[in-house]
Amino acid sequence: MLKIFNTLSNKKEVFKTDSNLVKIYGCGPTVYDHPHIGNFRTFIFYDLLIRTLHLNNYDTQSAINITDIDDKIISRSIAEKKNMQDITLKYEKSFIDASRKLKILKNEFYPRATDHVEDMIAFIQKLVDKNYAYVVNGNVYFDIKNYTNYGKFVNLKTLDDDIENDLDKKNKNDFVLWKAWKSEDGNIFWESAWGKGRPAWHTECAVISQKILGNKIDIHCGGIDLKFPHHENECAQIESITNKNFANYWLHSEHLNIEDEKMSKSLGNSLSIEDMLKKYSSNIIRMFLLSSHYRSKISLSKSKLEESKKMINRISRFAEKFSTNEFDFTKNDLSDKHQSFIDAINDDLNTPKALGIFFEFISDTNKALTKRKDLKKINQESIIFLNLFNSIFQVVDIQNSDDKVFPQEINELLLSRQQARDNKDWILSDKIRDKLFNLGWIVEDSLDGQKLLKKK
Ligand code: AMP
Ligand code: ZN
């Protein structure tokens, strides 16, 4: 039974749907710069959610939008004297490339705001017609006083008073749907009944999510910074028209911090995922991000990344003992040990707990292997567990079994080469590599450590 923490009710809830097809919308990147590792904490969390739904035999249909209309994009394009698309396509590609490198399952849709502006204009017009929105000087605002359910995610009374009180607005929390063109925007604008301008971010997501997935979605997710006002405002626009809950579950992941501050492109303290991937393998980055619960804050640190590397090495050494060819574990009987891993994941995606269970299994199995009893059972149980574990964490590079079973002598040489490398004794390390080569094995050094292949 899958339980997830719904920000709407502030509680863990049993996940229920009408159909086996779960529709998920995740707020995507604003493409004015390379995405950073903080953004990817959130995108890996979306991936974890989808993998968990698959583990529970659901099919999924998911969309991550590309925010390619935004003030920061416009300023960058004007400052760099570049076409807006030259900027957005470059960073969209950076996001897609990094998603692939990080083994994030492909979503069905990556809709761009620029492809749906006509629909946004029609949607805003509907809100104006129904008196939920008003026009001032070419800007269109949502009137929160006319929508009684405003405040789903926050208590408005406890909100800070420091929200910019634009003189054009009727109420402090009214938010903009359409932004009138300003001279600084150069030639970036769309024509509308209210004059030249462009849609605002909250409207982009509200329109795209419905257009792509329909006006009833199962799960809407994002980083915690989006809960208010972005998600509040998405809900207000859609639900004022439909009078129905637009998403059943709202899931938010906590931030990745750097030196106690949120990592953010605008704060200038961000580390691009592209640069991170030059130093650390995708397995290490996935492990680092997944070893904490998605609802707890994490800080980026070298020591935590090194710890993740050690965990990957430990798992790889364990996996090397078995012929772990990918296979469908769901058709096999799962033992209590497998089940407790699944239960941890199903308990609001508790990856640290699940990881602990898996490491305990590795320790117990390593001990059991030395007794050389019940080897067939141990083998079967371990292969199932490795595949089950990987279906969620995706950090073990499963290779063909023929390349995996190393003779004892080779294992020992590998181990001493690792020691030589730890001691930065490159001469010895090269000597051992040559020795392995003469024995018929090629050793490659990757960011995850040594990889061994049989010479063909
Ligand atoms: P942006 O490109 O800023 O629009 O953000 C894209 C996604 O990354 C959103 O879902 C944000 O909530 C999320 N995000 C931004 N910064 C962080 C961070 N430091 N940690 C975790 N998620 C973040
Ligand atoms: Zn959004």
# chains A, B, ... in the order shown; residues from 1 in each chain; ligands from 1

$ closest_atom_pairs --of "chain A" --to "ligand 2" --cutoff "10 Å" --atoms "only C-alpha atoms and all ligand atoms" --output "CSV"
residue,atom,partner,partner_atom_place_in_ligand_line,distance
A:Tyr25,CA,ligand 2,1 (Zn),8.6
A:Gly26,CA,ligand 2,1 (Zn),7.0
A:Cys27,CA,ligand 2,1 (Zn),4.0
A:Gly28,CA,ligand 2,1 (Zn),6.7
A:Pro29,CA,ligand 2,1 (Zn),9.0
A:Thr30,CA,ligand 2,1 (Zn),9.8
A:Ile64,CA,ligand 2,1 (Zn),8.8
A:Asn65,CA,ligand 2,1 (Zn),7.4
A:Ile66,CA,ligand 2,1 (Zn),9.2
A:Thr67,CA,ligand 2,1 (Zn),8.2
A:Trp201,CA,ligand 2,1 (Zn),7.2
A:His202,CA,ligand 2,1 (Zn),6.5
A:Thr203,CA,ligand 2,1 (Zn),8.6
A:Glu204,CA,ligand 2,1 (Zn),7.4
A:Cys205,CA,ligand 2,1 (Zn),4.5
A:Ala206,CA,ligand 2,1 (Zn),7.4
A:Val207,CA,ligand 2,1 (Zn),9.9
A:Ile208,CA,ligand 2,1 (Zn),9.1
A:Ser209,CA,ligand 2,1 (Zn),8.5
A:His220,CA,ligand 2,1 (Zn),9.0
A:Cys221,CA,ligand 2,1 (Zn),8.5
A:Gly222,CA,ligand 2,1 (Zn),7.4
A:Gly223,CA,ligand 2,1 (Zn),9.7
A:Leu226,CA,ligand 2,1 (Zn),7.4
A:Lys227,CA,ligand 2,1 (Zn),9.6
A:His230,CA,ligand 2,1 (Zn),6.5
A:His231,CA,ligand 2,1 (Zn),6.9
A:Asn233,CA,ligand 2,1 (Zn),9.7
A:Glu234,CA,ligand 2,1 (Zn),7.6

$ residues_near_ligand --ligand "ligand 1" --cutoff "10 Å" --atoms "only C-alpha atoms and all ligand atoms" --output "ChimeraX atom specification"
/A:26-46,64-68,70,95,201,221-227,230,252-258,261-266,269-270,294,297-300

$ select_by_dssp --residues "range 179-423 of chain A" --states "helix (DSSP H, G or I)" --output "ChimeraX atom specification"
/A:183-185,201-213,224-242,273-279,282-290,302-319,329-331,336-346,351-371,375-393,401-403,408-422

$ residues_around --residues "Asp336 in chain A" --least-positions-apart "5" --cutoff "12 Å" --atoms "only C-alpha atoms" --output "list in words"
Phe341, Ile342, Asp343, Ile357, Phe361, Glu381 and Phe385 of chain A

$ atom_distance --atom1 "CA of Val22 in chain A" --atom2 "CA of Leu48 in chain A"
14.2 Å

$ residues_around --residues "range 119-130 of chain A" --least-positions-apart "4" --cutoff "12 Å" --atoms "only C-alpha atoms" --output "ChimeraX atom specification"
/A:113-115,134-136,139-144,146-147,176-179,190-212,236-242

$ residues_around --residues "Asp18 in chain A" --least-positions-apart "3" --cutoff "12 Å" --atoms "only C-alpha atoms" --output "PyMOL selection string"
chain A and resi 15+21-23+58+216-218+248

$ closest_residue --among "A:Ala247, A:Val395, A:Leu267, A:Ala98" --to "Ser291 in chain A" --atoms "only C-alpha atoms"
A:Val395

$ closest_residue --among "A:Leu349, A:Met311, A:Asp185, A:Lys451" --to "Lys81 in chain A" --atoms "only C-alpha atoms"
A:Asp185

$ closest_residue --among "A:Glu274, A:Arg51, A:Asn57, A:Tyr280" --to "Lys93 in chain A" --atoms "only C-alpha atoms"
A:Glu274

$ select_by_dssp --residues "range 145-249 of chain A" --states "strand (DSSP E)" --output "list in words"
Phe175, Val176, Leu177, Trp178, Lys179, Ala180, Gly197, Arg198, Pro199, Ile217, Asp218, Ile219, His220, Cys221, Gly222, Gly223, Ala247, Asn248 and Tyr249 of chain A

$ write_last_selection --atoms "N, CA, C and O atoms" --output "PDB file, in the first residue's frame"
ATOM      1  N   PHE A 175      -2.425  38.500  -8.192  1.00  0.00           N
ATOM      2  CA  PHE A 175      -1.207  38.172  -8.942  1.00  0.00           C
ATOM      3  C   PHE A 175      -1.435  38.366 -10.434  1.00  0.00           C
ATOM      4  O   PHE A 175      -2.563  38.321 -10.919  1.00  0.00           O
ATOM      5  N   VAL A 176      -0.326  38.563 -11.119  1.00  0.00           N
ATOM      6  CA  VAL A 176      -0.425  38.931 -12.520  1.00  0.00           C
ATOM      7  C   VAL A 176      -0.581  37.698 -13.424  1.00  0.00           C
ATOM      8  O   VAL A 176       0.041  36.660 -13.191  1.00  0.00           O
ATOM      9  N   LEU A 177      -1.460  37.813 -14.409  1.00  0.00           N
ATOM     10  CA  LEU A 177      -1.696  36.736 -15.378  1.00  0.00           C
ATOM     11  C   LEU A 177      -1.067  37.098 -16.719  1.00  0.00           C
ATOM     12  O   LEU A 177      -0.569  36.249 -17.444  1.00  0.00           O
ATOM     13  N   TRP A 178      -1.141  38.385 -17.022  1.00  0.00           N
ATOM     14  CA  TRP A 178      -0.609  38.890 -18.288  1.00  0.00           C
ATOM     15  C   TRP A 178       0.199  40.136 -17.979  1.00  0.00           C
ATOM     16  O   TRP A 178      -0.289  41.037 -17.293  1.00  0.00           O
ATOM     17  N   LYS A 179       1.449  40.185 -18.442  1.00  0.00           N
ATOM     18  CA  LYS A 179       2.300  41.346 -18.152  1.00  0.00           C
ATOM     19  C   LYS A 179       2.388  42.234 -19.383  1.00  0.00           C
ATOM     20  O   LYS A 179       2.792  41.752 -20.455  1.00  0.00           O
ATOM     21  N   ALA A 180       2.044  43.496 -19.218  1.00  0.00           N
ATOM     22  CA  ALA A 180       2.098  44.420 -20.356  1.00  0.00           C
ATOM     23  C   ALA A 180       3.547  44.625 -20.797  1.00  0.00           C
ATOM     24  O   ALA A 180       4.468  44.572 -19.973  1.00  0.00           O
ATOM     25  N   GLY A 197       2.206  42.108 -24.885  1.00  0.00           N
ATOM     26  CA  GLY A 197       2.654  41.643 -23.571  1.00  0.00           C
ATOM     27  C   GLY A 197       3.026  40.179 -23.607  1.00  0.00           C
ATOM     28  O   GLY A 197       3.314  39.618 -24.679  1.00  0.00           O
ATOM     29  N   ARG A 198       2.995  39.562 -22.426  1.00  0.00           N
ATOM     30  CA  ARG A 198       3.348  38.141 -22.355  1.00  0.00           C
ATOM     31  C   ARG A 198       2.672  37.488 -21.158  1.00  0.00           C
ATOM     32  O   ARG A 198       2.338  38.167 -20.172  1.00  0.00           O
ATOM     33  N   PRO A 199       2.431  36.182 -21.237  1.00  0.00           N
ATOM     34  CA  PRO A 199       1.791  35.513 -20.098  1.00  0.00           C
ATOM     35  C   PRO A 199       2.748  35.436 -18.910  1.00  0.00           C
ATOM     36  O   PRO A 199       3.959  35.423 -19.090  1.00  0.00           O
ATOM     37  N   ILE A 217      -5.720  16.021 -12.735  1.00  0.00           N
ATOM     38  CA  ILE A 217      -4.486  15.247 -12.684  1.00  0.00           C
ATOM     39  C   ILE A 217      -4.342  14.625 -11.300  1.00  0.00           C
ATOM     40  O   ILE A 217      -4.969  15.065 -10.341  1.00  0.00           O
ATOM     41  N   ASP A 218      -3.561  13.561 -11.220  1.00  0.00           N
ATOM     42  CA  ASP A 218      -3.442  12.850  -9.944  1.00  0.00           C
ATOM     43  C   ASP A 218      -2.442  13.528  -9.013  1.00  0.00           C
ATOM     44  O   ASP A 218      -2.756  13.796  -7.861  1.00  0.00           O
ATOM     45  N   ILE A 219      -1.250  13.764  -9.549  1.00  0.00           N
ATOM     46  CA  ILE A 219      -0.201  14.313  -8.679  1.00  0.00           C
ATOM     47  C   ILE A 219       0.452  15.517  -9.350  1.00  0.00           C
ATOM     48  O   ILE A 219       0.851  15.460 -10.508  1.00  0.00           O
ATOM     49  N   HIS A 220       0.541  16.588  -8.576  1.00  0.00           N
ATOM     50  CA  HIS A 220       1.245  17.775  -9.058  1.00  0.00           C
ATOM     51  C   HIS A 220       2.427  17.953  -8.124  1.00  0.00           C
ATOM     52  O   HIS A 220       2.274  17.916  -6.911  1.00  0.00           O
ATOM     53  N   CYS A 221       3.621  18.104  -8.687  1.00  0.00           N
ATOM     54  CA  CYS A 221       4.755  18.244  -7.775  1.00  0.00           C
ATOM     55  C   CYS A 221       5.695  19.370  -8.159  1.00  0.00           C
ATOM     56  O   CYS A 221       5.617  19.910  -9.270  1.00  0.00           O
ATOM     57  N   GLY A 222       6.564  19.673  -7.208  1.00  0.00           N
ATOM     58  CA  GLY A 222       7.534  20.751  -7.412  1.00  0.00           C
ATOM     59  C   GLY A 222       8.430  20.859  -6.189  1.00  0.00           C
ATOM     60  O   GLY A 222       8.231  20.142  -5.198  1.00  0.00           O
ATOM     61  N   GLY A 223       9.393  21.771  -6.255  1.00  0.00           N
ATOM     62  CA  GLY A 223      10.212  22.044  -5.073  1.00  0.00           C
ATOM     63  C   GLY A 223       9.371  22.829  -4.079  1.00  0.00           C
ATOM     64  O   GLY A 223       8.375  23.467  -4.460  1.00  0.00           O
ATOM     65  N   ALA A 247      -5.769  18.968  -8.741  1.00  0.00           N
ATOM     66  CA  ALA A 247      -4.894  17.802  -8.535  1.00  0.00           C
ATOM     67  C   ALA A 247      -5.247  17.186  -7.185  1.00  0.00           C
ATOM     68  O   ALA A 247      -5.554  17.904  -6.232  1.00  0.00           O
ATOM     69  N   ASN A 248      -5.219  15.866  -7.123  1.00  0.00           N
ATOM     70  CA  ASN A 248      -5.574  15.209  -5.854  1.00  0.00           C
ATOM     71  C   ASN A 248      -4.451  15.260  -4.835  1.00  0.00           C
ATOM     72  O   ASN A 248      -4.695  15.353  -3.649  1.00  0.00           O
ATOM     73  N   TYR A 249      -3.227  15.119  -5.326  1.00  0.00           N
ATOM     74  CA  TYR A 249      -2.081  15.093  -4.412  1.00  0.00           C
ATOM     75  C   TYR A 249      -1.079  16.149  -4.856  1.00  0.00           C
ATOM     76  O   TYR A 249      -0.779  16.266  -6.048  1.00  0.00           O
TER      77      TYR A 249
END

$ atom_distance --atom1 "CA of Ile384 in chain A" --atom2 "CA of Gly356 in chain A"
16.9 Å
